[in-house]
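Asks: File follows, protein.cif with mmCIF, C-alpha atoms and all ligand atoms:
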```cif
data_data
loop_
_atom_site.label_atom_id
_atom_site.label_comp_id
_atom_site.auth_asym_id
_atom_site.auth_seq_id
_atom_site.Cartn_x
_atom_site.Cartn_y
_atom_site.Cartn_z
CA MET A 1 9.07 -10.12 -14.18
CA ALA A 2 9.64 -13.00 -11.81
CA ARG A 3 7.64 -16.12 -11.05
CA ILE A 4 6.92 -16.04 -7.35
CA LEU A 5 5.68 -19.12 -5.55
CA LEU A 6 3.95 -17.99 -2.37
CA GLY A 7 3.50 -20.42 0.51
CA VAL A 8 0.88 -19.30 3.02
CA SER A 9 0.94 -20.93 6.43
CA GLY A 10 -1.52 -20.57 9.32
CA GLY A 11 -1.90 -17.27 11.11
CA ILE A 12 -4.07 -14.21 11.31
CA ALA A 13 -1.60 -12.42 8.99
CA ALA A 14 -2.60 -14.74 6.10
CA TYR A 15 -4.86 -11.96 4.81
CA LYS A 16 -1.80 -9.74 4.27
CA ALA A 17 -0.56 -12.29 1.73
CA LEU A 18 -3.40 -10.98 -0.49
CA ASP A 19 -1.82 -7.50 -0.38
CA LEU A 20 1.58 -8.97 -1.21
CA ILE A 21 0.09 -10.65 -4.31
CA ARG A 22 -1.61 -7.38 -5.37
CA LEU A 23 1.69 -5.52 -5.09
CA ALA A 24 3.60 -8.26 -6.90
CA ALA A 25 0.99 -8.27 -9.68
CA VAL A 26 1.20 -4.51 -10.29
CA ALA A 27 4.99 -4.87 -10.35
CA GLY A 28 4.47 -7.35 -13.21
CA HIS A 29 5.26 -10.60 -11.37
CA SER A 30 3.45 -13.88 -11.88
CA VAL A 31 2.29 -15.58 -8.65
CA ARG A 32 1.11 -19.06 -7.67
CA VAL A 33 -0.01 -19.97 -4.16
CA ILE A 34 0.39 -23.04 -1.97
CA GLN A 35 -1.58 -23.06 1.29
CA THR A 36 -1.37 -25.17 4.42
CA ASP A 37 -4.60 -26.60 5.84
CA ASN A 38 -4.43 -24.23 8.82
CA SER A 39 -4.00 -21.14 6.65
CA GLN A 40 -7.34 -21.93 5.01
CA ARG A 41 -9.03 -21.33 8.34
CA PHE A 42 -7.96 -17.69 7.97
CA VAL A 43 -8.24 -17.06 4.20
CA GLY A 44 -9.91 -19.45 1.77
CA ALA A 45 -8.22 -20.76 -1.36
CA ALA A 46 -10.89 -19.04 -3.49
CA SER A 47 -9.53 -15.60 -2.50
CA PHE A 48 -5.99 -16.51 -3.53
CA ALA A 49 -7.20 -18.17 -6.73
CA ALA A 50 -9.22 -15.08 -7.67
CA ILE A 51 -6.39 -12.67 -7.05
CA THR A 52 -3.64 -14.72 -8.76
CA GLY A 53 -5.86 -15.96 -11.59
CA ALA A 54 -4.45 -19.46 -11.03
CA PRO A 55 -5.40 -22.57 -9.06
CA VAL A 56 -4.24 -22.81 -5.44
CA LEU A 57 -2.68 -26.06 -4.23
CA THR A 58 -3.16 -27.33 -0.71
CA SER A 59 -2.20 -31.02 -0.78
CA GLU A 60 0.34 -33.31 -2.44
CA TRP A 61 -2.54 -35.55 -3.46
CA GLU A 62 -4.53 -33.08 -5.55
CA ARG A 63 -4.01 -32.63 -9.26
CA ASP A 64 -2.97 -29.15 -10.38
CA PRO A 65 -5.30 -28.06 -13.22
CA ALA A 66 -2.47 -25.77 -14.45
CA ARG A 67 0.04 -28.68 -14.32
CA GLY A 68 2.64 -26.63 -12.47
CA ALA A 69 2.49 -23.65 -14.84
CA PHE A 70 2.47 -20.02 -13.65
CA PRO A 71 -0.22 -17.63 -14.97
CA ASP A 72 2.18 -16.35 -17.66
CA GLN A 73 3.04 -19.87 -18.87
CA ALA A 74 1.21 -22.41 -21.01
CA SER A 75 0.44 -25.69 -19.23
CA PRO A 76 2.58 -28.61 -20.41
CA GLU A 77 1.09 -31.50 -22.44
CA HIS A 78 2.08 -34.11 -19.84
CA ASP A 79 0.80 -34.22 -16.26
CA PRO A 80 3.85 -33.61 -14.05
CA ILE A 81 4.08 -34.01 -10.28
CA SER A 82 2.49 -30.66 -9.51
CA HIS A 83 4.56 -29.31 -6.66
CA LEU A 84 7.85 -30.38 -8.19
CA GLU A 85 6.91 -28.68 -11.44
CA LEU A 86 5.77 -25.56 -9.57
CA VAL A 87 9.06 -25.15 -7.70
CA ARG A 88 11.01 -25.88 -10.89
CA ASN A 89 9.17 -23.03 -12.61
CA ALA A 90 9.51 -20.59 -9.68
CA ASP A 91 12.23 -17.93 -9.55
CA CYS A 92 11.66 -17.48 -5.84
CA PHE A 93 9.74 -19.31 -3.11
CA VAL A 94 8.33 -17.00 -0.45
CA ILE A 95 6.65 -18.20 2.70
CA ALA A 96 4.49 -15.40 4.11
CA PRO A 97 3.24 -15.58 6.74
CA ALA A 98 5.55 -18.28 8.08
CA SER A 99 4.24 -19.67 11.39
CA ALA A 100 6.56 -20.87 14.18
CA ASN A 101 5.53 -24.43 13.32
CA THR A 102 6.33 -24.09 9.62
CA ILE A 103 9.69 -22.45 10.45
CA ALA A 104 10.53 -25.36 12.77
CA LYS A 105 9.64 -27.85 10.03
CA LEU A 106 11.77 -25.98 7.49
CA ALA A 107 14.71 -26.00 9.92
CA LEU A 108 14.32 -29.77 10.44
CA GLY A 109 13.79 -30.49 6.76
CA LEU A 110 10.39 -32.07 7.33
CA ALA A 111 8.14 -32.62 4.34
CA ASP A 112 4.79 -33.37 5.94
CA ASN A 113 2.59 -31.13 3.79
CA LEU A 114 2.64 -29.59 0.34
CA LEU A 115 4.27 -26.34 1.50
CA THR A 116 7.17 -27.98 3.35
CA SER A 117 7.65 -30.62 0.61
CA ALA A 118 7.84 -27.85 -1.98
CA ALA A 119 10.34 -25.92 0.17
CA LEU A 120 12.55 -28.99 0.44
CA ALA A 121 12.40 -29.55 -3.31
CA ALA A 122 13.06 -25.90 -4.21
CA SER A 123 16.42 -24.94 -5.67
CA CYS A 124 15.40 -21.29 -6.16
CA PRO A 125 15.99 -18.65 -3.42
CA LEU A 126 13.80 -19.09 -0.34
CA VAL A 127 12.35 -16.09 1.51
CA VAL A 128 10.69 -16.55 4.89
CA ALA A 129 8.54 -13.82 6.47
CA PRO A 130 7.62 -14.92 10.01
CA ALA A 131 4.45 -13.85 11.81
CA MET A 132 3.47 -15.03 15.27
CA ASN A 133 2.91 -14.09 18.89
CA HIS A 134 5.95 -12.21 20.31
CA GLN A 135 6.72 -14.88 22.90
CA MET A 136 6.78 -17.56 20.21
CA TRP A 137 9.04 -15.34 18.10
CA GLU A 138 11.42 -14.62 20.98
CA ASN A 139 11.49 -18.26 22.11
CA ALA A 140 15.00 -19.71 21.93
CA ALA A 141 13.75 -22.59 19.76
CA THR A 142 12.32 -20.23 17.11
CA GLN A 143 15.42 -18.03 17.19
CA ALA A 144 17.68 -21.09 16.79
CA ASN A 145 15.56 -22.25 13.84
CA ILE A 146 15.82 -18.82 12.24
CA GLU A 147 19.62 -18.80 12.64
CA LEU A 148 19.81 -22.25 11.12
CA LEU A 149 17.74 -21.18 8.12
CA GLN A 150 19.91 -18.07 7.67
CA SER A 151 23.04 -20.22 7.76
CA ARG A 152 21.52 -22.12 4.81
CA SER A 153 21.12 -18.84 2.86
CA VAL A 154 17.40 -18.50 3.49
CA THR A 155 16.40 -14.80 3.48
CA ILE A 156 14.45 -13.86 6.60
CA VAL A 157 12.21 -10.79 6.43
CA ASP A 158 12.08 -9.85 10.09
CA PRO A 159 8.68 -9.33 11.67
CA GLU A 160 7.76 -5.83 12.82
CA VAL A 161 7.11 -4.52 16.29
CA GLY A 162 3.55 -3.45 17.01
CA SER A 163 0.22 -4.56 18.38
CA LEU A 164 -0.38 -8.28 17.82
CA ALA A 165 -3.50 -10.28 17.09
CA SER A 166 -4.30 -11.06 20.74
CA ARG A 167 -5.90 -8.27 22.68
CA ASN A 168 -3.50 -5.97 24.55
CA GLU A 169 -0.45 -7.79 23.18
CA TRP A 170 2.38 -5.75 21.85
CA GLY A 171 5.80 -6.81 20.64
CA SER A 172 7.78 -8.24 17.77
CA GLY A 173 5.93 -10.73 15.61
CA ARG A 174 3.76 -8.79 13.15
CA LEU A 175 4.25 -9.83 9.56
CA ALA A 176 6.49 -7.35 7.70
CA GLN A 177 4.73 -4.93 5.36
CA PRO A 178 3.93 -6.45 1.94
CA ALA A 179 6.17 -3.83 0.23
CA THR A 180 9.09 -4.82 2.48
CA ILE A 181 8.61 -8.50 1.59
CA LEU A 182 8.40 -7.64 -2.11
CA ALA A 183 11.61 -5.59 -1.82
CA ALA A 184 13.37 -8.62 -0.26
CA ILE A 185 12.14 -10.81 -3.15
CA GLU A 186 13.33 -8.31 -5.73
CA GLN A 187 16.80 -8.24 -4.18
CA LEU A 188 17.04 -11.90 -5.13
CA VAL A 189 15.26 -12.03 -8.47
CA PRO A 190 15.43 -9.49 -11.26
CA ALA A 191 12.35 -7.29 -11.30
CA GLY A 192 12.54 -6.41 -15.01
CA PRO A 193 11.00 -3.28 -16.53
CA ARG A 194 7.87 -1.86 -14.89
CA PRO A 195 5.09 0.29 -16.22
CA TRP A 196 5.99 3.41 -14.21
CA ASP A 197 9.80 3.19 -14.45
CA GLY A 198 11.29 6.69 -14.44
CA ARG A 199 8.05 8.38 -13.39
CA ARG A 200 8.44 10.74 -10.44
CA VAL A 201 5.52 10.70 -8.05
CA LEU A 202 4.94 13.12 -5.18
CA VAL A 203 2.41 12.07 -2.54
CA THR A 204 1.18 14.09 0.43
CA ALA A 205 -0.23 12.05 3.29
CA GLY A 206 -1.62 12.44 6.79
CA GLY A 207 -3.11 15.43 8.51
CA THR A 208 -1.49 18.73 9.43
CA ARG A 209 -1.45 20.10 12.98
CA GLU A 210 -1.74 23.80 13.75
CA ALA A 211 -0.19 24.82 17.06
CA ILE A 212 -2.31 26.74 19.56
CA ASP A 213 0.52 26.84 22.09
CA ALA A 214 3.66 24.81 22.84
CA VAL A 215 1.69 21.63 23.63
CA ARG A 216 -1.72 21.86 21.93
CA PHE A 217 -2.82 21.85 18.35
CA VAL A 218 -5.83 21.85 16.04
CA GLY A 219 -5.64 18.68 13.97
CA ASN A 220 -7.75 16.25 12.02
CA ARG A 221 -8.42 12.53 11.95
CA SER A 222 -6.42 11.62 8.84
CA SER A 223 -4.11 8.65 9.57
CA GLY A 224 -2.09 8.83 6.34
CA ARG A 225 -3.10 5.27 5.34
CA MET A 226 -4.55 6.28 1.96
CA GLY A 227 -1.48 8.37 1.04
CA PHE A 228 0.93 5.64 2.15
CA ALA A 229 -1.03 3.03 0.16
CA LEU A 230 -0.80 5.26 -2.93
CA ALA A 231 2.96 5.62 -2.41
CA GLU A 232 3.39 1.86 -2.02
CA ALA A 233 1.32 1.12 -5.13
CA ALA A 234 3.24 3.70 -7.21
CA ALA A 235 6.61 2.32 -6.01
CA ALA A 236 5.50 -1.22 -6.94
CA ARG A 237 4.83 0.09 -10.50
CA GLY A 238 8.44 1.27 -10.62
CA ALA A 239 7.99 4.99 -9.88
CA ASP A 240 10.44 7.10 -7.84
CA VAL A 241 8.21 8.13 -4.97
CA THR A 242 8.56 10.94 -2.43
CA VAL A 243 6.02 11.23 0.36
CA ILE A 244 5.45 14.42 2.31
CA ALA A 245 4.11 12.92 5.52
CA ALA A 246 2.16 15.10 7.94
CA ASN A 247 2.15 13.39 11.34
CA VAL A 248 1.93 9.83 10.05
CA GLU A 249 2.80 6.97 12.37
CA LEU A 250 2.86 4.09 9.92
CA PRO A 251 5.69 1.80 8.80
CA ARG A 252 8.05 3.24 6.17
CA HIS A 253 9.48 1.56 3.11
CA ALA A 254 13.10 1.47 2.08
CA GLN A 255 12.38 2.37 -1.58
CA ILE A 256 10.29 5.44 -0.78
CA ALA A 257 11.69 8.84 0.28
CA TYR A 258 9.87 10.57 3.14
CA ILE A 259 9.82 14.22 4.19
CA ASP A 260 8.16 14.71 7.57
CA VAL A 261 6.19 17.87 8.21
CA GLY A 262 3.91 19.07 11.00
CA SER A 263 1.87 22.12 10.03
CA ALA A 264 0.14 23.30 6.85
CA ALA A 265 2.89 25.90 6.37
CA GLU A 266 5.61 23.23 6.56
CA LEU A 267 3.67 21.04 4.12
CA GLU A 268 3.29 24.01 1.79
CA GLN A 269 7.03 24.67 1.81
CA ALA A 270 8.00 21.03 1.23
CA ALA A 271 5.40 20.60 -1.54
CA SER A 272 6.48 23.81 -3.21
CA GLU A 273 10.14 22.62 -3.23
CA GLN A 274 9.31 19.16 -4.58
CA PHE A 275 6.55 19.96 -7.05
CA SER A 276 8.50 21.03 -10.12
CA SER A 277 10.41 17.74 -10.21
CA CYS A 278 7.33 15.49 -10.13
CA ASP A 279 5.30 14.07 -13.02
CA LEU A 280 2.34 13.12 -10.84
CA LEU A 281 1.09 14.76 -7.65
CA LEU A 282 -1.25 12.77 -5.41
CA MET A 283 -2.47 15.28 -2.84
CA ALA A 284 -4.00 12.95 -0.27
CA ALA A 285 -3.07 14.95 2.85
CA ALA A 286 -5.78 16.60 4.91
CA VAL A 287 -4.35 20.12 5.02
CA ALA A 288 -5.76 22.49 7.62
CA ASP A 289 -7.83 25.28 6.09
CA PHE A 290 -7.22 27.48 9.13
CA THR A 291 -4.33 28.01 11.52
CA ALA A 292 -4.08 29.83 14.84
CA ALA A 293 -3.79 33.57 14.22
CA ASP A 294 -1.63 34.13 17.27
CA PRO A 295 -0.23 30.92 18.82
CA THR A 296 1.02 31.25 22.41
CA ALA A 297 4.78 30.75 22.75
CA GLY A 298 4.64 28.75 26.02
CA LYS A 299 1.78 26.75 27.50
CA LEU A 300 -1.53 28.57 27.58
CA LYS A 301 -2.71 28.80 31.22
CA LYS A 302 -6.31 28.65 32.48
CA ASP A 303 -5.72 31.82 34.55
CA GLY A 304 -9.26 31.63 35.99
CA ARG A 305 -10.85 32.09 32.54
CA THR A 306 -14.41 30.80 32.03
CA GLU A 307 -14.19 31.09 28.27
CA LEU A 308 -11.39 30.97 25.73
CA GLU A 309 -11.68 32.34 22.25
CA LEU A 310 -9.34 31.04 19.59
CA THR A 311 -8.91 33.12 16.47
CA LEU A 312 -7.99 31.25 13.31
CA LYS A 313 -6.79 32.65 10.01
CA PRO A 314 -6.90 30.90 6.61
CA THR A 315 -3.94 28.89 5.35
CA THR A 316 -2.77 28.78 1.74
CA ASP A 317 -4.62 26.31 -0.49
CA VAL A 318 -1.46 24.40 -1.36
CA LEU A 319 -3.00 22.38 -4.19
CA ALA A 320 -4.59 25.42 -5.84
CA GLN A 321 -1.23 27.26 -5.66
CA LEU A 322 0.70 24.33 -7.16
CA SER A 323 -1.91 24.01 -9.89
CA LYS A 324 -1.13 27.57 -11.02
CA ARG A 325 2.53 26.56 -11.57
CA ARG A 326 1.79 23.27 -13.30
CA THR A 327 3.04 22.25 -16.73
CA GLU A 328 1.00 20.36 -19.36
CA ALA A 329 3.07 17.24 -18.71
CA GLN A 330 2.19 17.09 -15.01
CA THR A 331 -0.85 15.26 -13.64
CA LEU A 332 -2.55 16.57 -10.50
CA VAL A 333 -4.86 14.48 -8.36
CA GLY A 334 -6.74 16.04 -5.47
CA PHE A 335 -8.69 14.35 -2.70
CA ALA A 336 -11.85 15.59 -1.07
CA ALA A 337 -13.48 14.23 2.05
CA GLU A 338 -17.13 15.17 1.74
CA HIS A 339 -20.02 14.45 4.02
CA GLY A 340 -23.51 13.55 2.84
CA ALA A 341 -25.64 13.02 -0.23
CA ASP A 342 -24.17 15.76 -2.44
CA ALA A 343 -20.55 14.64 -1.80
CA VAL A 344 -19.85 13.92 -5.50
CA ASP A 345 -21.40 17.16 -6.72
CA VAL A 346 -19.41 19.25 -4.25
CA GLY A 347 -16.25 17.38 -5.20
CA ARG A 348 -16.90 17.91 -8.90
CA GLY A 349 -16.87 21.68 -8.29
CA LYS A 350 -13.44 21.38 -6.63
CA LEU A 351 -12.01 19.58 -9.67
CA ALA A 352 -12.64 22.62 -11.82
CA ALA A 353 -11.92 25.23 -9.15
CA LYS A 354 -8.48 23.78 -8.32
CA GLY A 355 -7.50 23.00 -11.93
CA LEU A 356 -7.04 19.25 -11.38
CA ASP A 357 -6.94 16.24 -13.68
CA LEU A 358 -8.66 13.92 -11.23
CA LEU A 359 -10.43 14.35 -7.93
CA VAL A 360 -10.91 11.42 -5.59
CA ILE A 361 -13.97 11.92 -3.46
CA ASN A 362 -14.78 9.93 -0.41
CA ASP A 363 -18.01 10.32 1.43
CA VAL A 364 -16.85 10.25 5.05
CA SER A 365 -20.40 9.87 6.34
CA GLY A 366 -20.26 6.13 5.50
CA ALA A 367 -19.39 3.74 8.37
CA GLY A 368 -16.04 1.87 8.23
CA ILE A 369 -14.53 3.94 5.42
CA GLY A 370 -12.30 6.98 5.16
CA PHE A 371 -10.48 8.40 8.19
CA GLU A 372 -8.59 5.98 10.48
CA SER A 373 -9.98 3.01 8.58
CA SER A 374 -8.10 0.44 6.48
CA SER A 375 -10.90 0.49 3.88
CA ASN A 376 -12.19 3.17 1.61
CA GLU A 377 -14.91 3.70 -0.95
CA VAL A 378 -14.38 6.51 -3.43
CA THR A 379 -15.58 8.13 -6.62
CA ILE A 380 -12.87 9.25 -9.04
CA VAL A 381 -13.99 12.26 -11.03
CA SER A 382 -12.37 13.67 -14.18
CA ALA A 383 -13.58 16.31 -16.63
CA GLU A 384 -14.83 13.48 -18.88
CA GLY A 385 -16.68 11.32 -16.39
CA GLU A 386 -16.54 9.46 -13.11
CA ARG A 387 -15.73 6.02 -11.79
CA HIS A 388 -17.06 4.58 -8.54
CA VAL A 389 -14.74 2.28 -6.58
CA PRO A 390 -16.78 0.16 -4.15
CA LYS A 391 -15.58 -0.38 -0.59
CA ALA A 392 -12.19 -2.10 -0.64
CA ASP A 393 -8.86 -2.24 1.14
CA LYS A 394 -6.95 1.08 0.78
CA LEU A 395 -4.17 -0.59 -1.26
CA GLU A 396 -6.76 -1.86 -3.72
CA VAL A 397 -8.38 1.59 -3.90
CA ALA A 398 -4.88 3.08 -4.42
CA ASN A 399 -4.33 0.81 -7.41
CA GLU A 400 -7.71 1.81 -8.87
CA ILE A 401 -6.68 5.47 -8.55
CA LEU A 402 -3.35 4.79 -10.30
CA ASP A 403 -5.24 2.87 -13.02
CA ALA A 404 -7.44 5.95 -13.47
CA VAL A 405 -4.28 8.06 -13.92
CA ASP A 406 -3.09 5.62 -16.62
CA GLU A 407 -6.51 5.65 -18.28
CA LEU A 408 -6.50 9.44 -18.39
CA ALA A 409 -3.02 9.47 -19.98
CA HIS A 410 -4.12 6.92 -22.63
CA ARG A 411 -7.27 8.88 -23.39
CA ARG A 412 -5.30 12.09 -23.80
CA ALA A 413 -2.69 10.38 -25.99
CA ARG A 414 -5.50 9.20 -28.29
CA THR A 415 -7.20 12.59 -28.48
CA PRO A 416 -5.54 14.67 -31.21
CA ILE A 417 -4.80 18.25 -30.20
CA ARG A 418 -7.03 20.46 -32.34
CA GLU A 419 -5.18 22.95 -34.50
CA VAL A 420 -6.27 26.49 -33.78
CA SER A 421 -6.44 28.46 -36.97
CA ASP A 422 -6.81 32.22 -37.05
CA GLU A 423 -8.53 32.30 -40.44
N1 LIG A 501 -5.83 21.24 0.12
C1 LIG A 501 -4.66 21.97 0.06
N2 LIG A 501 -4.47 23.04 0.91
C2 LIG A 501 -5.42 23.37 1.80
C3 LIG A 501 -6.61 22.64 1.85
C4 LIG A 501 -6.79 21.58 1.00
O1 LIG A 501 -3.80 21.66 -0.76
N3 LIG A 501 -5.19 24.40 2.61
C5 LIG A 501 -6.01 20.09 -0.82
C6 LIG A 501 -6.20 18.78 -0.14
O2 LIG A 501 -4.97 18.11 0.03
C7 LIG A 501 -7.07 18.01 -1.11
C8 LIG A 501 -7.87 19.10 -1.79
O3 LIG A 501 -7.19 20.31 -1.54
O4 LIG A 501 -6.33 17.32 -2.09
C9 LIG A 501 -9.29 19.23 -1.32
O5 LIG A 501 -9.33 19.48 0.04
P1 LIG A 501 -10.62 20.01 0.79
O6 LIG A 501 -10.27 20.35 2.18
O7 LIG A 501 -11.73 19.05 0.57
O8 LIG A 501 -10.93 21.28 -0.05
P2 LIG A 501 -11.16 22.75 0.32
O9 LIG A 501 -10.91 23.50 -0.92
O10 LIG A 501 -10.36 23.12 1.52
O11 LIG A 501 -12.72 22.78 0.60
P3 LIG A 501 -13.61 22.81 1.92
O12 LIG A 501 -14.06 24.20 2.02
O13 LIG A 501 -14.70 21.84 1.62
O14 LIG A 501 -12.75 22.39 3.07
#
```
Starting from the coordinates I provided, produce the structure as structure tokens.
Ligand code: CTP
Replies:
Amino acid sequence: MARILLGVSGGIAAYKALDLIRLAAVAGHSVRVIQTDNSQRFVGAASFAAITGAPVLTSEWERDPARGAFPDQASPEHDPISHLELVRNADCFVIAPASANTIAKLALGLADNLLTSAALAASCPLVVAPAMNHQMWENAATQANIELLQSRSVTIVDPEVGSLASRNEWGSGRLAQPATILAAIEQLVPAGPRPWDGRRVLVTAGGTREAIDAVRFVGNRSSGRMGFALAEAAAARGADVTVIAANVELPRHAQIAYIDVGSAAELEQAASEQFSSCDLLLMAAAVADFTAADPTAGKLKKDGRTELELTLKPTTDVLAQLSKRRTEAQTLVGFAAEHGADAVDVGRGKLAAKGLDLLVINDVSGAGIGFESSSNEVTIVSAEGERHVPKADKLEVANEILDAVDELAHRRARTPIREVSDE
């Protein structure tokens, strides 16, 4: 467990700082937040206060109700100078997102707001995760400031390449993934024991593609976001995570192992090889139920046809097959995308039919949830009952699913196994 002081500066990526706190919290860290005035235009202090369970400081002139204590500490009797006490208590000071302006101030040693004053007063390791427009990032002034900070042993978590906040802009400047920032923090401060240390988790993610010919396929709209969020959340709890990724184009994390697959058959083979060495299987991939019966070797030509018939044949139900090989100690979680009013009932049937411990059902008829979306709303069904998770970010939903796995294990540990007597 480490005490992480998080400085949030202005930028559209400020909302990602919420994900970083969620990940840090499940990894057992204690977090306090300092915000600049500009960052509050993007995410309000109330959000950070709610998620850290501690007051958020925004100015040198306000009194800290917690008197510089982190959520795991008791507040002192005296009333110290808040930001000095906060940095004294911190094991690491992370600035994420760090704007070009804040980086320039750090390089100059300015102390014109609470965040920069705290950075100047900090003797703990400093981690800076920049986020800005690509031209601002590539500007010689910013690059010189970054080099200067590095020469003073500041850890820089490089921004990622991708689409940026402004329309049609692409380049380097996107805030690094929360898991990447957390990994950089944990290189500097001891992480301590975590709840899922030693647990081996296998996740399938994405959607399989079944070739029709050399260039075409039958696919589905799964982006892999839910599976990747589950993997990230499990890794933050300390698990050894392997992801079987079917056609997923999302950032990868250094602590997670990935096996890339294309078709249902490839996913089946990889899952079959990995399954016996996992304690928990999270089968989030959308696996094709049918594959082309006779794919064309080259490119299928029109050849004057007015109609084209494609014959499909069923694939193996990978999850149902794995379930037959399972041991008592393994936990199996399936996912079902259902459409319409009876989504939960249909999903409940699959729980029993596939021999699963939990089934996560999402009703894909709802707008803004499920496929290709960053949010989800699910119902987690077990043999004993069900839990509805209202619409939330996929990382938050992932943590709810992992909590449900923990809850199931606790319930089973409490339930004595009935002796079967043959009298
Ligand atoms: N699944 C699988 N192999 C398949 C199809 C599905 O392992 N060939 C897994 C999915 O990864 C998911 C669960 O089974 O965890 C439920 O998937 P779903 O497609 O909803 O179930 P099906 O049994 O295929 O039912 P349906 O007829 O509704 O498609």
Asks: What does the structure give for the distance between CA of Ile212 (chain A) and CA of Leu267 (chain A), in Å to one decimal?
Replies: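 These two atoms are separated by 17.5 Å.
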Asks: Calculated over only C-alpha atoms, which of the candidates A:Pro125, A:Gly349, A:Pro314, A:Gly298 has the smallest distance to Ala214 (chain A)?
Replies: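 For Ala214 (chain A), the nearest of the candidates is A:Gly298.
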Asks: Applying 7 Å and all atoms listed in the file, which residues near region 247-258 of chain A remain after dropping the ones on its own chain fewer than 5 positions away? List them as a ChimeraX atom specification.
Replies: /A:179-180,206-208,223-224,241-242
Asks: Using all atoms listed in the file for the distances, tell me which of A:Gly238, A:Gly53, A:Gly340, A:Pro130 is nearest to Ala98 (chain A).
Replies: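 The closest residue to Ala98 (chain A) is A:Pro130.
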Asks: Got a sec: who's within 8 Å of Ala90 (chain A), counting all atoms listed in the file, leaving out chain neighbours fewer than 2 positions off, as a ChimeraX atom specification?
Replies: /A:2-5,86-88,92-93,124
Asks: Quick one: pull the distance between CA of His410 (chain A) and atom C9 of ligand LIG 501 (chain A), Å, one decimal.
Replies: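 Separating CA of His410 (chain A) from atom C9 of ligand LIG 501 (chain A) is a distance of 25.1 Å.
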Asks: Please provide as a list of chain:residue names all residues within 10 Å of Ile103 (chain A), with the sequence filter that same-chain residues fewer than 3 positions apart are discarded (counting all atoms listed in the file).
Replies: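 Counting only the stated atoms, we get A:Ser9, A:Ile95, A:Ala98, A:Ser99, A:Ala100, A:Leu106, A:Ala107, A:Leu108, A:Gly109, A:Thr116, A:Val128, A:Ala129, A:Pro130, A:Thr142, A:Gln143, A:Asn145, A:Ile146, A:Leu149.
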Asks: Residues at most 9 Å from ligand LIG 501 (chain A), using only C-alpha atoms and all ligand atoms? Could they come as a PDB file with C-alpha atoms, keeping the file's coordinate frame?
Replies:
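Dumped everything to part-v7.pdb:
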```
ATOM      1  CA  THR A 204       1.180  14.090   0.430  1.00  0.00           C
ATOM      2  CA  ALA A 205      -0.230  12.050   3.290  1.00  0.00           C
ATOM      3  CA  ALA A 264       0.140  23.300   6.850  1.00  0.00           C
ATOM      4  CA  LEU A 267       3.670  21.040   4.120  1.00  0.00           C
ATOM      5  CA  GLU A 268       3.290  24.010   1.790  1.00  0.00           C
ATOM      6  CA  LEU A 282      -1.250  12.770  -5.410  1.00  0.00           C
ATOM      7  CA  MET A 283      -2.470  15.280  -2.840  1.00  0.00           C
ATOM      8  CA  ALA A 284      -4.000  12.950  -0.270  1.00  0.00           C
ATOM      9  CA  ALA A 285      -3.070  14.950   2.850  1.00  0.00           C
ATOM     10  CA  ALA A 286      -5.780  16.600   4.910  1.00  0.00           C
ATOM     11  CA  VAL A 287      -4.350  20.120   5.020  1.00  0.00           C
ATOM     12  CA  ALA A 288      -5.760  22.490   7.620  1.00  0.00           C
ATOM     13  CA  ASP A 289      -7.830  25.280   6.090  1.00  0.00           C
ATOM     14  CA  PHE A 290      -7.220  27.480   9.130  1.00  0.00           C
ATOM     15  CA  PRO A 314      -6.900  30.900   6.610  1.00  0.00           C
ATOM     16  CA  THR A 315      -3.940  28.890   5.350  1.00  0.00           C
ATOM     17  CA  THR A 316      -2.770  28.780   1.740  1.00  0.00           C
ATOM     18  CA  ASP A 317      -4.620  26.310  -0.490  1.00  0.00           C
ATOM     19  CA  VAL A 318      -1.460  24.400  -1.360  1.00  0.00           C
ATOM     20  CA  LEU A 319      -3.000  22.380  -4.190  1.00  0.00           C
ATOM     21  CA  ALA A 320      -4.590  25.420  -5.840  1.00  0.00           C
ATOM     22  CA  GLN A 321      -1.230  27.260  -5.660  1.00  0.00           C
ATOM     23  CA  LEU A 322       0.700  24.330  -7.160  1.00  0.00           C
ATOM     24  CA  VAL A 333      -4.860  14.480  -8.360  1.00  0.00           C
ATOM     25  CA  GLY A 334      -6.740  16.040  -5.470  1.00  0.00           C
ATOM     26  CA  PHE A 335      -8.690  14.350  -2.700  1.00  0.00           C
ATOM     27  CA  ALA A 336     -11.850  15.590  -1.070  1.00  0.00           C
ATOM     28  CA  ALA A 337     -13.480  14.230   2.050  1.00  0.00           C
ATOM     29  CA  GLU A 338     -17.130  15.170   1.740  1.00  0.00           C
ATOM     30  CA  VAL A 346     -19.410  19.250  -4.250  1.00  0.00           C
ATOM     31  CA  GLY A 347     -16.250  17.380  -5.200  1.00  0.00           C
ATOM     32  CA  LYS A 350     -13.440  21.380  -6.630  1.00  0.00           C
ATOM     33  CA  LEU A 351     -12.010  19.580  -9.670  1.00  0.00           C
ATOM     34  CA  ALA A 353     -11.920  25.230  -9.150  1.00  0.00           C
ATOM     35  CA  LYS A 354      -8.480  23.780  -8.320  1.00  0.00           C
ATOM     36  CA  LEU A 359     -10.430  14.350  -7.930  1.00  0.00           C
ATOM     37  CA  VAL A 360     -10.910  11.420  -5.590  1.00  0.00           C
ATOM     38  CA  ILE A 361     -13.970  11.920  -3.460  1.00  0.00           C
TER      39      ILE A 361
END
```
Asks: Work out how far CA of Ser276 (chain A) is from CA of Arg326 (chain A), in Å to one decimal.
Replies: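 About the pair CA of Arg326 (chain A) and CA of Ser276 (chain A): they are 7.8 Å apart.
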